[in-house]
Amino acid sequence: MSDPETDPEILLRDFLGYHLKRAYVTVHADFRDIMGDAGLSTRVFSALAMVVGQQGITQSELARALGVERSGMVALIDELEGADLIRREPVPGDRRVQALQPTDRGVARFDELVALVRAHEARCFAGLDDTEKDMLLHLLHKVRMGGVTT
């Protein structure tokens with residue numbers, strides 16, 4: 001029998017952050033499994049999604065949207081560009097800024113990956129009904145925004 005004063009599960013069960021981390025580990029592991037040979041991380045997939053969805057987004061805008069340090073963004077963009085999924089294009093009137101555009105290969109690859117990610121999420125959240133999924137999204141958004149509702 002576990003000692004309630006020393007059992008880590010009992011000591012941590014009331015901490016929301018602990019449960020968020022455990023849920024993240026579970027969901028992230030399944031994401032890595034579904035990506036298989038594609039090898040894209042959630043961060044790289046998210047960046048590709050943003051570039052496909054907001055063609056012409058700048059590196060700075062993408063960094064802000066994803067919450068990635070600008071210094072880390074360069075490696076992320078290099079990875080996507082090296083895989084021929086996006087390309088950098090100059091922004092007319094500002095030579096210091098580059099717009100990000102998906103390549104045809106990038107759009108096609110993203111479309112393939114969306115189906116995999118949808119199946120992954122269906123599997124990971126199969127125990128939740130639509131109302132619970134909506135509530136979870138709402139609550140996670142509130143946490144991300146520091147408790148501010150929109």
# chains A, B, ... in the order shown; residues from 1 in each chain; ligands from 1

call {"tool": "residues_around", "arguments": {"residues": "Leu80 (chain A)", "least_positions_apart": "2", "cutoff": "12 Å", "atoms": "only C-alpha atoms", "output": "PyMOL selection string"}}
result
chain A and resi 39-41+43-49+51-52+73-78+82-88+100-103+105-107+109-110

call {"tool": "write_last_selection", "arguments": {"atoms": "C-alpha atoms", "output": "CSV table (one decimal), in the first residue's frame"}}
result
chain,number,residue,atom,x,y,z
A,39,GLY,CA,10.0,13.0,-38.7
A,40,LEU,CA,8.3,16.4,-38.3
A,41,SER,CA,8.1,17.7,-34.8
A,43,ARG,CA,6.9,22.7,-33.9
A,44,VAL,CA,7.8,22.1,-37.5
A,45,PHE,CA,4.3,20.9,-38.4
A,46,SER,CA,2.9,24.1,-36.7
A,47,ALA,CA,5.2,26.3,-38.6
A,48,LEU,CA,4.3,24.6,-41.9
A,49,ALA,CA,0.6,25.0,-41.1
A,51,VAL,CA,2.9,29.3,-43.7
A,52,VAL,CA,0.4,27.3,-45.7
A,73,MET,CA,13.1,30.5,-35.8
A,74,VAL,CA,16.0,30.6,-38.3
A,75,ALA,CA,16.8,26.9,-37.7
A,76,LEU,CA,13.1,26.0,-38.0
A,77,ILE,CA,12.8,27.9,-41.3
A,78,ASP,CA,16.1,26.4,-42.6
A,82,GLY,CA,15.9,22.4,-46.8
A,83,ALA,CA,13.0,19.9,-47.2
A,84,ASP,CA,11.6,22.0,-50.0
A,85,LEU,CA,8.4,22.7,-48.1
A,86,ILE,CA,8.7,26.5,-48.0
A,87,ARG,CA,10.7,29.3,-49.6
A,88,ARG,CA,11.8,32.7,-48.5
A,100,LEU,CA,7.5,32.8,-46.3
A,101,GLN,CA,5.7,31.0,-49.0
A,102,PRO,CA,4.8,27.3,-49.2
A,103,THR,CA,6.2,25.4,-52.1
A,105,ARG,CA,5.5,20.2,-52.4
A,106,GLY,CA,4.9,21.9,-49.0
A,107,VAL,CA,1.2,22.3,-49.6
A,109,ARG,CA,2.9,17.4,-47.8
A,110,PHE,CA,0.8,19.5,-45.4

call {"tool": "residues_around", "arguments": {"residues": "Phe31 (chain A)", "least_positions_apart": "3", "cutoff": "10 Å", "atoms": "only C-alpha atoms", "output": "list in words"}}
result
Val25, Thr26, Val27, His28, Ile34, Met35, Gly36, Gly39, Leu40, Ser41, Thr42, Leu116, Val117, Ala119, His120, Glu121 and Cys124 of chain A

call {"tool": "write_last_selection", "arguments": {"atoms": "C-alpha atoms", "output": "PDB file, in the first residue's frame"}}
result
ATOM      1  CA  VAL A  25       3.788  13.508 -22.927  1.00  0.00           C
ATOM      2  CA  THR A  26       1.051  11.081 -23.972  1.00  0.00           C
ATOM      3  CA  VAL A  27      -0.172  13.209 -26.879  1.00  0.00           C
ATOM      4  CA  HIS A  28       3.352  14.106 -28.009  1.00  0.00           C
ATOM      5  CA  ILE A  34       2.182   8.976 -36.448  1.00  0.00           C
ATOM      6  CA  MET A  35       4.840  11.142 -38.071  1.00  0.00           C
ATOM      7  CA  GLY A  36       7.079   8.099 -38.437  1.00  0.00           C
ATOM      8  CA  GLY A  39       9.979  13.018 -38.734  1.00  0.00           C
ATOM      9  CA  LEU A  40       8.331  16.408 -38.341  1.00  0.00           C
ATOM     10  CA  SER A  41       8.106  17.714 -34.807  1.00  0.00           C
ATOM     11  CA  THR A  42       4.982  19.455 -33.577  1.00  0.00           C
ATOM     12  CA  LEU A 116      -2.470  11.944 -40.046  1.00  0.00           C
ATOM     13  CA  VAL A 117      -2.802  14.609 -37.357  1.00  0.00           C
ATOM     14  CA  ALA A 119      -6.423  10.636 -36.924  1.00  0.00           C
ATOM     15  CA  HIS A 120      -3.886  11.163 -34.118  1.00  0.00           C
ATOM     16  CA  GLU A 121      -6.158  13.639 -32.334  1.00  0.00           C
ATOM     17  CA  CYS A 124      -5.824  10.667 -28.311  1.00  0.00           C
TER      18      CYS A 124
END

call {"tool": "residues_around", "arguments": {"residues": "Pro90 (chain A)", "least_positions_apart": "2", "cutoff": "10 Å", "atoms": "only C-alpha atoms", "output": "PDB file with N, CA and C atoms, in the first residue's frame"}}
result
ATOM      1  N   GLY A  56       2.907  34.324 -47.114  1.00  0.00           N
ATOM      2  CA  GLY A  56       3.520  35.641 -47.065  1.00  0.00           C
ATOM      3  C   GLY A  56       3.826  36.112 -45.652  1.00  0.00           C
ATOM      4  N   THR A  58       5.781  36.760 -42.352  1.00  0.00           N
ATOM      5  CA  THR A  58       7.218  36.989 -42.180  1.00  0.00           C
ATOM      6  C   THR A  58       7.750  36.080 -41.072  1.00  0.00           C
ATOM      7  N   ARG A  88      11.766  31.324 -48.948  1.00  0.00           N
ATOM      8  CA  ARG A  88      11.824  32.719 -48.509  1.00  0.00           C
ATOM      9  C   ARG A  88      11.758  33.608 -49.743  1.00  0.00           C
ATOM     10  N   PRO A  92       8.758  43.393 -50.996  1.00  0.00           N
ATOM     11  CA  PRO A  92       9.000  44.655 -51.706  1.00  0.00           C
ATOM     12  C   PRO A  92       8.991  45.840 -50.732  1.00  0.00           C
ATOM     13  N   GLY A  93       9.989  46.695 -50.854  1.00  0.00           N
ATOM     14  CA  GLY A  93      10.059  47.887 -50.025  1.00  0.00           C
ATOM     15  C   GLY A  93      10.816  47.693 -48.716  1.00  0.00           C
ATOM     16  N   ASP A  94      11.168  46.456 -48.372  1.00  0.00           N
ATOM     17  CA  ASP A  94      11.927  46.225 -47.131  1.00  0.00           C
ATOM     18  C   ASP A  94      12.849  45.030 -47.345  1.00  0.00           C
ATOM     19  N   ARG A  95      14.082  45.322 -47.710  1.00  0.00           N
ATOM     20  CA  ARG A  95      15.043  44.267 -48.032  1.00  0.00           C
ATOM     21  C   ARG A  95      15.445  43.436 -46.815  1.00  0.00           C
ATOM     22  N   ARG A  96      15.168  43.934 -45.611  1.00  0.00           N
ATOM     23  CA  ARG A  96      15.551  43.204 -44.390  1.00  0.00           C
ATOM     24  C   ARG A  96      14.572  42.089 -44.050  1.00  0.00           C
ATOM     25  N   VAL A  97      13.365  42.145 -44.615  1.00  0.00           N
ATOM     26  CA  VAL A  97      12.299  41.214 -44.254  1.00  0.00           C
ATOM     27  C   VAL A  97      12.079  40.211 -45.383  1.00  0.00           C
ATOM     28  N   GLN A  98      11.822  38.969 -44.997  1.00  0.00           N
ATOM     29  CA  GLN A  98      11.513  37.935 -45.978  1.00  0.00           C
ATOM     30  C   GLN A  98      10.149  37.339 -45.666  1.00  0.00           C
ATOM     31  N   ALA A  99       9.356  37.193 -46.724  1.00  0.00           N
ATOM     32  CA  ALA A  99       8.052  36.547 -46.598  1.00  0.00           C
ATOM     33  C   ALA A  99       8.246  35.054 -46.824  1.00  0.00           C
ATOM     34  N   LEU A 100       7.438  34.277 -46.144  1.00  0.00           N
ATOM     35  CA  LEU A 100       7.521  32.819 -46.274  1.00  0.00           C
ATOM     36  C   LEU A 100       6.352  32.327 -47.112  1.00  0.00           C
TER      37      LEU A 100
END

call {"tool": "closest_residue", "arguments": {"among": "A:Asp14, A:Glu89, A:Ala122, A:Ser71", "to": "Asp30 (chain A)", "atoms": "only C-alpha atoms"}}
result
A:Ala122

call {"tool": "atom_distance", "arguments": {"atom1": "CA of Glu79 (chain A)", "atom2": "CA of Ala115 (chain A)"}}
result
21.8 Å

call {"tool": "select_by_dssp", "arguments": {"residues": "chain A", "states": "helix (DSSP H, G or I)", "output": "number ranges by chain"}}
result
A: 8-12, 16-38, 42-53, 59-66, 70-82, 104-124, 130-144

call {"tool": "decode", "arguments": {"residues": "region 14-27 of chain A", "atoms": "N, CA and C atoms", "output": "compact mmCIF listing (two decimals), in the first residue's frame"}}
result
# COMPACT_ATOMS: atom_id res chain seq x y z
N ASP A 14 -3.01 16.81 -7.21
CA ASP A 14 -3.77 18.05 -7.15
C ASP A 14 -3.12 19.19 -7.95
N PHE A 15 -2.00 18.93 -8.60
CA PHE A 15 -1.31 19.96 -9.37
C PHE A 15 -1.72 19.89 -10.84
N LEU A 16 -2.35 20.94 -11.32
CA LEU A 16 -2.79 20.99 -12.71
C LEU A 16 -1.61 20.86 -13.67
N GLY A 17 -0.51 21.53 -13.36
CA GLY A 17 0.66 21.47 -14.23
C GLY A 17 1.18 20.05 -14.41
N TYR A 18 1.13 19.28 -13.36
CA TYR A 18 1.56 17.88 -13.43
C TYR A 18 0.69 17.12 -14.44
N HIS A 19 -0.62 17.30 -14.36
CA HIS A 19 -1.52 16.59 -15.27
C HIS A 19 -1.40 17.10 -16.70
N LEU A 20 -1.18 18.41 -16.86
CA LEU A 20 -0.94 18.95 -18.19
C LEU A 20 0.31 18.33 -18.81
N LYS A 21 1.37 18.24 -18.02
CA LYS A 21 2.62 17.65 -18.53
C LYS A 21 2.43 16.19 -18.89
N ARG A 22 1.75 15.43 -18.04
CA ARG A 22 1.51 14.01 -18.32
C ARG A 22 0.66 13.85 -19.58
N ALA A 23 -0.35 14.69 -19.75
CA ALA A 23 -1.19 14.64 -20.96
C ALA A 23 -0.34 15.00 -22.19
N TYR A 24 0.50 16.02 -22.05
CA TYR A 24 1.37 16.42 -23.16
C TYR A 24 2.29 15.28 -23.57
N VAL A 25 2.88 14.61 -22.61
CA VAL A 25 3.79 13.51 -22.93
C VAL A 25 3.06 12.42 -23.71
N THR A 26 1.84 12.11 -23.30
CA THR A 26 1.05 11.08 -23.97
C THR A 26 0.72 11.50 -25.40
N VAL A 27 0.22 12.72 -25.56
CA VAL A 27 -0.17 13.21 -26.88
C VAL A 27 1.06 13.37 -27.77
